[in-house]
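Student: For reference, this is final.tsv, and it has TSV, C-alpha atoms (C1' of nucleotides).
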```
chain	number	residue	atom	x	y	z
A	2	MET	CA	80.40	119.88	122.17
A	3	GLU	CA	82.99	119.19	124.79
A	4	TRP	CA	84.08	115.79	125.96
A	5	PRO	CA	81.73	114.43	128.64
A	6	ARG	CA	83.03	114.08	132.18
A	7	THR	CA	80.02	112.46	133.74
A	8	VAL	CA	78.10	109.30	133.01
A	9	GLU	CA	74.93	111.27	132.33
A	10	ASP	CA	76.59	113.51	129.77
A	11	ALA	CA	78.33	110.57	128.13
A	12	VAL	CA	75.08	108.65	127.74
A	13	ALA	CA	73.34	111.74	126.41
A	14	LEU	CA	76.05	112.22	123.80
A	15	GLN	CA	75.71	108.60	122.68
A	16	GLU	CA	71.95	109.00	122.38
A	17	ARG	CA	72.44	112.08	120.27
A	18	LEU	CA	75.14	110.72	117.97
A	19	ARG	CA	73.62	107.30	117.45
A	20	THR	CA	71.16	108.78	114.97
A	21	GLN	CA	74.03	109.63	112.65
A	22	VAL	CA	75.29	106.10	112.16
A	23	ILE	CA	75.09	104.80	108.59
A	24	THR	CA	74.86	101.03	108.25
A	25	ALA	CA	75.29	100.79	104.50
A	26	SER	CA	78.38	100.92	102.32
A	27	ALA	CA	78.71	103.68	99.78
A	28	PRO	CA	78.38	102.15	96.28
A	29	ASP	CA	81.94	103.12	95.53
A	30	LEU	CA	83.42	102.13	98.88
A	31	ARG	CA	86.95	100.99	98.24
A	32	ILE	CA	89.12	99.64	101.01
A	33	ASP	CA	92.81	99.68	100.19
A	34	THR	CA	94.15	100.64	103.59
A	35	VAL	CA	92.93	99.54	107.01
A	36	ALA	CA	93.81	100.93	110.41
A	37	GLY	CA	93.90	98.90	113.60
A	38	LEU	CA	93.30	100.88	116.80
A	39	ASP	CA	93.99	99.70	120.32
A	40	VAL	CA	94.78	100.98	123.79
A	41	GLY	CA	97.06	99.49	126.40
A	42	TYR	CA	97.21	100.34	130.11
A	43	ARG	CA	100.33	100.78	132.20
A	44	SER	CA	98.41	101.82	135.26
A	45	ASN	CA	94.79	102.63	135.84
A	46	ASP	CA	95.09	105.99	134.12
A	47	ALA	CA	98.25	105.80	132.02
A	48	VAL	CA	97.37	104.70	128.54
A	49	ALA	CA	99.12	104.06	125.24
A	50	GLY	CA	97.09	104.49	122.08
A	51	VAL	CA	98.13	102.73	118.91
A	52	CYS	CA	97.17	103.18	115.28
A	53	VAL	CA	98.59	100.78	112.70
A	54	VAL	CA	97.78	101.13	109.02
A	55	PHE	CA	97.93	98.06	106.79
A	56	ASP	CA	97.74	97.56	103.07
A	57	ALA	CA	94.41	95.70	102.94
A	58	LYS	CA	95.48	93.34	100.19
A	59	THR	CA	99.03	92.41	101.18
A	60	LEU	CA	98.69	93.07	104.93
A	61	VAL	CA	101.98	94.94	104.84
A	62	VAL	CA	102.29	97.58	107.57
A	63	LEU	CA	102.36	101.01	105.96
A	64	ASP	CA	102.68	103.08	109.12
A	65	GLU	CA	102.26	102.80	112.87
A	66	VAL	CA	102.02	105.34	115.66
A	67	VAL	CA	102.11	105.00	119.44
A	68	VAL	CA	100.92	107.83	121.69
A	69	GLU	CA	101.25	108.03	125.47
A	70	ASP	CA	98.51	109.74	127.42
A	71	THR	CA	96.46	109.68	130.59
A	72	THR	CA	92.77	109.20	131.08
A	73	ASP	CA	90.42	110.08	133.90
A	74	PHE	CA	87.26	108.42	132.64
A	75	PRO	CA	86.82	105.04	134.40
A	76	TYR	CA	86.13	101.81	132.59
A	77	ILE	CA	82.39	101.33	132.36
A	78	ALA	CA	80.98	98.75	129.98
A	79	GLY	CA	78.92	100.77	127.53
A	80	LEU	CA	80.98	103.92	127.98
A	81	PHE	CA	84.17	102.52	126.65
A	82	ALA	CA	84.73	105.22	124.08
A	83	PHE	CA	85.04	107.96	126.65
A	84	ARG	CA	88.05	106.23	128.10
A	85	GLU	CA	89.83	105.18	124.93
A	86	MET	CA	88.82	107.53	122.13
A	87	PRO	CA	90.92	110.57	122.99
A	88	VAL	CA	94.23	108.67	122.76
A	89	LEU	CA	93.11	106.80	119.69
A	90	LEU	CA	92.24	110.02	117.88
A	91	ARG	CA	95.66	111.44	118.69
A	92	ALA	CA	97.33	108.33	117.29
A	93	LEU	CA	95.11	108.39	114.21
A	94	ASP	CA	96.00	112.05	113.63
A	95	GLN	CA	99.68	111.27	113.45
A	96	VAL	CA	99.52	108.40	111.05
A	97	ALA	CA	100.98	109.22	107.62
A	98	VAL	CA	98.67	107.03	105.55
A	99	ALA	CA	94.94	107.78	105.47
A	100	PRO	CA	92.99	104.61	106.28
A	101	ASP	CA	89.86	103.66	104.31
A	102	LEU	CA	88.56	101.64	107.25
A	103	LEU	CA	89.02	101.78	111.01
A	104	VAL	CA	89.02	98.53	112.97
A	105	ALA	CA	88.34	99.12	116.65
A	106	ASP	CA	88.96	96.74	119.52
A	107	GLY	CA	85.43	96.43	120.84
A	108	GLN	CA	81.86	96.74	119.69
A	109	GLY	CA	80.12	98.93	117.17
A	110	LEU	CA	76.33	98.57	117.05
A	111	ALA	CA	76.52	95.63	119.47
A	112	HIS	CA	76.07	98.05	122.32
A	113	PRO	CA	73.31	98.87	124.84
A	114	ARG	CA	72.52	102.10	122.97
A	115	ARG	CA	73.76	100.83	119.60
A	116	PHE	CA	76.71	103.19	119.76
A	117	GLY	CA	79.89	101.40	120.75
A	118	LEU	CA	83.45	102.62	120.30
A	119	ALA	CA	83.55	101.70	116.60
A	120	CYS	CA	80.43	103.79	115.87
A	121	HIS	CA	81.77	106.72	117.82
A	122	LEU	CA	85.11	106.64	116.01
A	123	GLY	CA	83.35	106.40	112.67
A	124	VAL	CA	80.86	109.19	113.25
A	125	HIS	CA	83.54	111.42	114.73
A	126	THR	CA	85.99	110.98	111.85
A	127	GLY	CA	83.60	110.27	109.01
A	128	ILE	CA	85.72	107.23	108.12
A	129	PRO	CA	84.04	103.83	107.63
A	130	SER	CA	84.55	101.74	110.75
A	131	ILE	CA	83.86	98.36	112.29
A	132	GLY	CA	84.23	96.82	115.72
A	133	VAL	CA	85.91	93.49	116.34
A	134	ALA	CA	85.47	92.28	119.91
A	135	LYS	CA	86.95	89.23	121.58
A	136	ASN	CA	83.89	88.90	123.78
A	137	PRO	CA	80.24	89.38	122.85
A	138	MET	CA	77.72	91.85	124.08
A	139	GLY	CA	74.45	90.09	123.45
A	140	THR	CA	73.58	86.50	122.67
A	141	PHE	CA	74.55	84.27	119.78
A	142	ALA	CA	74.27	80.71	118.55
A	143	GLN	CA	77.51	78.84	118.00
A	144	PRO	CA	78.56	79.37	114.37
A	145	GLY	CA	79.64	76.42	112.24
A	146	HIS	CA	83.07	74.90	112.81
A	147	ALA	CA	84.64	76.13	109.57
A	148	ARG	CA	86.46	79.40	109.01
A	149	GLY	CA	84.03	81.94	107.61
A	150	SER	CA	80.98	80.55	109.44
A	151	THR	CA	78.80	83.13	111.11
A	152	SER	CA	75.76	83.48	113.34
A	153	ASP	CA	73.71	86.46	114.41
A	154	LEU	CA	74.70	88.49	117.44
A	155	VAL	CA	71.43	89.52	119.04
A	156	MET	CA	70.47	92.13	121.59
A	157	GLU	CA	66.87	92.74	122.57
A	158	ASP	CA	65.55	90.83	119.56
A	159	GLU	CA	67.67	92.90	117.25
A	160	VAL	CA	70.55	91.64	115.11
A	161	VAL	CA	73.40	93.91	116.10
A	162	GLY	CA	76.35	92.05	114.63
A	163	ARG	CA	77.78	88.63	113.92
A	164	ALA	CA	79.81	85.95	115.61
A	165	LEU	CA	82.47	85.13	113.03
A	166	ARG	CA	84.73	82.08	113.01
A	167	THR	CA	88.02	83.32	111.58
A	168	GLN	CA	89.80	79.95	111.73
A	169	ASP	CA	88.48	76.40	111.85
A	170	GLY	CA	87.39	75.51	115.34
A	171	VAL	CA	88.62	78.64	117.13
A	172	LYS	CA	86.43	80.80	119.35
A	173	PRO	CA	84.58	83.29	117.16
A	174	VAL	CA	85.21	87.03	117.16
A	175	PHE	CA	82.29	89.44	117.35
A	176	VAL	CA	81.92	91.81	114.45
A	177	SER	CA	79.58	94.76	114.35
A	178	VAL	CA	79.16	97.73	112.07
A	179	GLY	CA	80.63	100.99	113.21
A	180	HIS	CA	79.77	103.46	110.46
A	181	LYS	CA	79.44	103.75	106.68
A	182	ILE	CA	79.74	100.02	105.97
A	183	ASP	CA	77.37	97.05	105.87
A	184	LEU	CA	77.69	93.95	108.02
A	185	ASP	CA	78.49	91.58	105.15
A	186	ARG	CA	81.34	93.75	104.02
A	187	ALA	CA	82.53	94.17	107.58
A	188	CYS	CA	82.77	90.40	108.06
A	189	ALA	CA	84.49	89.97	104.71
A	190	GLU	CA	87.11	92.52	105.70
A	191	VAL	CA	87.73	90.83	109.04
A	192	LEU	CA	88.21	87.49	107.28
A	193	ARG	CA	90.65	89.08	104.89
A	194	LEU	CA	92.54	90.56	107.85
A	195	ALA	CA	92.71	87.21	109.62
A	196	PRO	CA	94.24	84.76	107.12
A	197	ARG	CA	96.15	82.84	109.76
A	198	TYR	CA	95.13	83.64	113.32
A	199	ARG	CA	91.93	84.08	115.25
A	200	LEU	CA	92.35	87.82	115.60
A	201	PRO	CA	92.77	90.13	112.63
A	202	GLU	CA	96.29	91.37	111.98
A	203	THR	CA	95.18	94.89	112.80
A	204	THR	CA	94.32	93.85	116.34
A	205	ARG	CA	97.37	91.64	116.76
A	206	ARG	CA	99.86	94.27	115.67
A	207	ALA	CA	98.20	97.09	117.58
A	208	ASP	CA	98.13	94.89	120.66
A	209	THR	CA	101.82	94.07	120.39
A	210	LEU	CA	102.78	97.73	120.09
A	211	THR	CA	100.53	98.59	122.95
A	212	ARG	CA	102.22	96.34	125.49
A	213	GLN	CA	105.60	97.10	124.03
A	214	ALA	CA	104.97	100.71	124.96
A	215	ALA	CA	103.64	99.77	128.36
A	216	SER	CA	106.76	97.83	129.30
A	217	SER	CA	109.46	100.10	127.89
A	218	ALA	CA	109.20	103.71	129.00
B	14	DG	C1'	67.45	93.55	145.23
B	15	DC	C1'	70.96	90.71	142.37
B	16	DG	C1'	73.85	89.74	138.63
B	17	DA	C1'	75.77	91.12	134.07
B	18	DC	C1'	78.79	94.07	131.85
B	19	DA	C1'	83.37	95.55	125.07
B	20	DG	C1'	88.59	96.92	127.29
C	2	DA	C1'	92.95	95.79	130.46
C	3	DT	C1'	96.59	93.20	133.62
C	4	DC	C1'	99.33	89.20	135.99
C	5	DT	C1'	103.43	85.95	131.61
C	6	DT	C1'	107.21	80.55	130.54
C	7	DG	C1'	106.83	76.51	129.60
C	8	DT	C1'	103.82	73.28	128.21
C	9	DC	C1'	99.88	70.36	126.52
C	10	DG	C1'	97.66	68.94	122.34
C	11	DC	C1'	96.39	68.61	117.25
```
Can you give me the file's structure in the form of structure tokens?

Tutor:
Amino acid sequence: MEWPRTVEDAVALQERLRTQVITASAPDLRIDTVAGLDVGYRSNDAVAGVCVVFDAKTLVVLDEVVVEDTTDFPYIAGLFAFREMPVLLRALDQVAVAPDLLVADGQGLAHPRRFGLACHLGVHTGIPSIGVAKNPMGTFAQPGHARGSTSDLVMEDEVVGRALRTQDGVKPVFVSVGHKIDLDRACAEVLRLAPRYRLPETTRRADTLTRQAASSA
DNA sequence: GCGACAG
DNA sequence: ATCTTGTCGC
């Protein structure tokens, strides 16, 4: 199926693909490498997609790719993937190390149709994925003050993710399952990726590269 | 009808 | 997302 150009087609595609999401981890799921994906904007339609692969244990950067592109799909909350996915897939294609997990900047199941960017990336590639958003979609109770504390992220009486405190006292990040992983594991991975700062290293590094690209060429 | 609404 | 250096506070 071709890439949607209209809101109606985009929504229809989400409704169709949402049924393919797997919210459990394979018994032998091993995560040795993790990719951070992010997009930066130089103008309204000029984008830079970044894919950075980390060693999950040491957090050493194994490879990173920046791709310049343009987009015509406007930003619409809920249809985020149709704006950012094409560039991200190009960046992911060019990375030399195959990631065991994709970490997307945005939501996974915490989405109006339970199919945010992280789910779409996961279903499309078949690679386990999670979404880490700086802002919530849904409601949540304030998690405890300590690093590692969590609370449910709720949408329409459904638990769609978790508010996760990655450092003592900082604003939580919002974690939701993308594909082929369970929520507990997803949160554990985010904590492992954020030993020192609020945002996971995947997001931080991808973000840096993104604006580096936007200000150079 | 009005406001909300990942990046 | 983007505008962006020094500065306030623990």

Student: Find the residues in chain A near chain B: any atom within 7 Å counts, using only C-alpha atoms (C1' of nucleotides). Write them as a PDB file with C-alpha atoms, in the coordinates of the input.

Tutor:
```pdb
ATOM      1  CA  ALA A  78      80.980  98.750 129.980  1.00  0.00           C
ATOM      2  CA  GLY A 107      85.430  96.430 120.840  1.00  0.00           C
ATOM      3  CA  GLN A 108      81.860  96.740 119.690  1.00  0.00           C
ATOM      4  CA  ALA A 134      85.470  92.280 119.910  1.00  0.00           C
ATOM      5  CA  ASN A 136      83.890  88.900 123.780  1.00  0.00           C
ATOM      6  CA  MET A 138      77.720  91.850 124.080  1.00  0.00           C
TER       7      MET A 138
END
```

Student: Output as a list in words the set of chain C residues within 12 Å of chain A, with distances taken over only C-alpha atoms (C1' of nucleotides).

Tutor: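 Here is what falls inside 12 Å: DA2, DT3 and DC11 of chain C.
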
Student: Interatomic distance between CA of Phe55 (chain A) and CA of Asp94 (chain A)?

Tutor: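 Interatomic distance here is 15.7 Å.
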
Student: Which polymer residues have any atom within 10 Å of an atom of Asp153 (chain A), counting all atoms listed in the file, with same-chain residues fewer than 5 positions away left out, as a list in words?

Tutor: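 Skipping anything fewer than 5 positions along the chain leaves Gly139, Thr140, Phe141, Ala142, Gln143, Pro144, Glu159, Val160, Val161, Gly162, Arg163, Ala164, Leu165, Phe175 and Val176 of chain A.
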
Student: Quick one: residues within 10 Å of Leu14 (chain A), only C-alpha atoms (C1' of nucleotides), excluding same-chain residues fewer than 6 positions away - as a short mmCIF file (atom, residue, chain, number, x, y, z; two decimals) with C-alpha atoms, keeping the file's coordinate frame?

Tutor:
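Ended up saving to out_15.cif:
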```cif
data_model
loop_
_atom_site.label_atom_id
_atom_site.label_comp_id
_atom_site.auth_asym_id
_atom_site.auth_seq_id
_atom_site.Cartn_x
_atom_site.Cartn_y
_atom_site.Cartn_z
CA MET A 2 80.40 119.88 122.17
CA GLU A 3 82.99 119.19 124.79
CA TRP A 4 84.08 115.79 125.96
CA PRO A 5 81.73 114.43 128.64
CA VAL A 8 78.10 109.30 133.01
CA PHE A 116 76.71 103.19 119.76
CA HIS A 121 81.77 106.72 117.82
#
```

Student: Restricting the calculation to all atoms listed in the file: of A:Glu85, A:Ser217, A:Val155, A:Thr211, which residue gets closest to Val53 (chain A)?

Tutor: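 Using all atoms listed in the file, Val53 (chain A) sits closest to A:Thr211.
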
Student: Would you list the contacts of Ile23 (chain A) as a list in words, taking every protein, DNA or RNA residue within 9 Å and counting all atoms listed in the file, but skipping same-chain residues closer than 5 positions in sequence?

Tutor: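 So, after excluding close chain neighbours, the residues are Val124, Val178, Gly179, His180, Lys181, Ile182 and Asp183 of chain A.
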
Student: Distance CA of Arg19 (chain A)-CA of Ala111 (chain A), one decimal place?

Tutor: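 CA of Ala111 (chain A) lies at a distance of 12.2 Å from CA of Arg19 (chain A).
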
Student: All heavy atoms are needed for region 30-41 of chain A; please write them out as a PDB file, in the frame of the given file.

Tutor:
```pdb
ATOM      1  N   LEU A  30      82.495 102.335  97.756  1.00  0.00           N
ATOM      2  CA  LEU A  30      83.420 102.130  98.880  1.00  0.00           C
ATOM      3  C   LEU A  30      84.573 101.223  98.485  1.00  0.00           C
ATOM      4  O   LEU A  30      84.395 100.069  98.129  1.00  0.00           O
ATOM      5  CB  LEU A  30      82.679 101.505 100.075  1.00  0.00           C
ATOM      6  CG  LEU A  30      83.579 101.127 101.271  1.00  0.00           C
ATOM      7  CD1 LEU A  30      84.312 102.365 101.799  1.00  0.00           C
ATOM      8  CD2 LEU A  30      82.771 100.459 102.371  1.00  0.00           C
ATOM      9  N   ARG A  31      85.769 101.771  98.574  1.00  0.00           N
ATOM     10  CA  ARG A  31      86.950 100.990  98.240  1.00  0.00           C
ATOM     11  C   ARG A  31      87.844 100.953  99.464  1.00  0.00           C
ATOM     12  O   ARG A  31      88.096 101.967 100.086  1.00  0.00           O
ATOM     13  CB  ARG A  31      87.702 101.654  97.088  1.00  0.00           C
ATOM     14  CG  ARG A  31      88.014 100.659  95.987  1.00  0.00           C
ATOM     15  CD  ARG A  31      89.016 101.213  95.019  1.00  0.00           C
ATOM     16  NE  ARG A  31      90.224 100.411  95.050  1.00  0.00           N
ATOM     17  CZ  ARG A  31      91.133 100.480  94.088  1.00  0.00           C
ATOM     18  NH1 ARG A  31      90.990 101.309  93.086  1.00  0.00           N
ATOM     19  NH2 ARG A  31      92.203  99.717  94.166  1.00  0.00           N
ATOM     20  N   ILE A  32      88.285  99.771  99.819  1.00  0.00           N
ATOM     21  CA  ILE A  32      89.120  99.640 101.010  1.00  0.00           C
ATOM     22  C   ILE A  32      90.491  99.115 100.642  1.00  0.00           C
ATOM     23  O   ILE A  32      90.695  97.920 100.435  1.00  0.00           O
ATOM     24  CB  ILE A  32      88.440  98.703 102.039  1.00  0.00           C
ATOM     25  CG1 ILE A  32      87.085  99.305 102.448  1.00  0.00           C
ATOM     26  CG2 ILE A  32      89.338  98.537 103.262  1.00  0.00           C
ATOM     27  CD1 ILE A  32      86.270  98.440 103.376  1.00  0.00           C
ATOM     28  N   ASP A  33      91.431 100.040 100.534  1.00  0.00           N
ATOM     29  CA  ASP A  33      92.810  99.680 100.190  1.00  0.00           C
ATOM     30  C   ASP A  33      93.716  99.708 101.416  1.00  0.00           C
ATOM     31  O   ASP A  33      94.725  99.024 101.471  1.00  0.00           O
ATOM     32  CB  ASP A  33      93.361 100.638  99.140  1.00  0.00           C
ATOM     33  CG  ASP A  33      92.612 100.517  97.813  1.00  0.00           C
ATOM     34  OD1 ASP A  33      92.237  99.386  97.454  1.00  0.00           O
ATOM     35  OD2 ASP A  33      92.405 101.545  97.147  1.00  0.00           O
ATOM     36  N   THR A  34      93.339 100.538 102.379  1.00  0.00           N
ATOM     37  CA  THR A  34      94.150 100.640 103.590  1.00  0.00           C
ATOM     38  C   THR A  34      93.244 100.501 104.816  1.00  0.00           C
ATOM     39  O   THR A  34      92.131 101.022 104.838  1.00  0.00           O
ATOM     40  CB  THR A  34      94.869 102.009 103.663  1.00  0.00           C
ATOM     41  OG1 THR A  34      93.900 103.056 103.570  1.00  0.00           O
ATOM     42  CG2 THR A  34      95.879 102.150 102.544  1.00  0.00           C
ATOM     43  N   VAL A  35      93.719  99.792 105.801  1.00  0.00           N
ATOM     44  CA  VAL A  35      92.930  99.540 107.010  1.00  0.00           C
ATOM     45  C   VAL A  35      93.744  99.866 108.257  1.00  0.00           C
ATOM     46  O   VAL A  35      94.903  99.478 108.365  1.00  0.00           O
ATOM     47  CB  VAL A  35      92.509  98.059 107.090  1.00  0.00           C
ATOM     48  CG1 VAL A  35      91.646  97.810 108.315  1.00  0.00           C
ATOM     49  CG2 VAL A  35      91.777  97.651 105.824  1.00  0.00           C
ATOM     50  N   ALA A  36      93.109 100.580 109.176  1.00  0.00           N
ATOM     51  CA  ALA A  36      93.810 100.930 110.410  1.00  0.00           C
ATOM     52  C   ALA A  36      93.308 100.105 111.590  1.00  0.00           C
ATOM     53  O   ALA A  36      92.109  99.907 111.763  1.00  0.00           O
ATOM     54  CB  ALA A  36      93.616 102.419 110.713  1.00  0.00           C
ATOM     55  N   GLY A  37      94.248  99.611 112.376  1.00  0.00           N
ATOM     56  CA  GLY A  37      93.900  98.900 113.600  1.00  0.00           C
ATOM     57  C   GLY A  37      94.149  99.859 114.763  1.00  0.00           C
ATOM     58  O   GLY A  37      95.182 100.514 114.815  1.00  0.00           O
ATOM     59  N   LEU A  38      93.172  99.960 115.658  1.00  0.00           N
ATOM     60  CA  LEU A  38      93.300 100.880 116.800  1.00  0.00           C
ATOM     61  C   LEU A  38      93.164 100.109 118.109  1.00  0.00           C
ATOM     62  O   LEU A  38      92.282  99.268 118.260  1.00  0.00           O
ATOM     63  CB  LEU A  38      92.200 101.940 116.716  1.00  0.00           C
ATOM     64  CG  LEU A  38      92.168 102.762 115.427  1.00  0.00           C
ATOM     65  CD1 LEU A  38      90.844 103.490 115.286  1.00  0.00           C
ATOM     66  CD2 LEU A  38      93.315 103.756 115.424  1.00  0.00           C
ATOM     67  N   ASP A  39      94.056 100.404 119.038  1.00  0.00           N
ATOM     68  CA  ASP A  39      93.990  99.700 120.320  1.00  0.00           C
ATOM     69  C   ASP A  39      94.630 100.545 121.414  1.00  0.00           C
ATOM     70  O   ASP A  39      95.458 101.406 121.137  1.00  0.00           O
ATOM     71  CB  ASP A  39      94.713  98.346 120.208  1.00  0.00           C
ATOM     72  CG  ASP A  39      94.473  97.461 121.419  1.00  0.00           C
ATOM     73  OD1 ASP A  39      93.457  97.668 122.121  1.00  0.00           O
ATOM     74  OD2 ASP A  39      95.290  96.575 121.679  1.00  0.00           O
ATOM     75  N   VAL A  40      94.233 100.256 122.644  1.00  0.00           N
ATOM     76  CA  VAL A  40      94.780 100.980 123.790  1.00  0.00           C
ATOM     77  C   VAL A  40      95.314 100.003 124.817  1.00  0.00           C
ATOM     78  O   VAL A  40      94.695  98.979 125.090  1.00  0.00           O
ATOM     79  CB  VAL A  40      93.701 101.866 124.449  1.00  0.00           C
ATOM     80  CG1 VAL A  40      94.217 102.473 125.749  1.00  0.00           C
ATOM     81  CG2 VAL A  40      93.265 102.967 123.494  1.00  0.00           C
ATOM     82  N   GLY A  41      96.485 100.321 125.358  1.00  0.00           N
ATOM     83  CA  GLY A  41      97.060  99.490 126.400  1.00  0.00           C
ATOM     84  C   GLY A  41      97.181 100.314 127.671  1.00  0.00           C
ATOM     85  O   GLY A  41      97.287 101.537 127.600  1.00  0.00           O
TER      86      GLY A  41
END
```
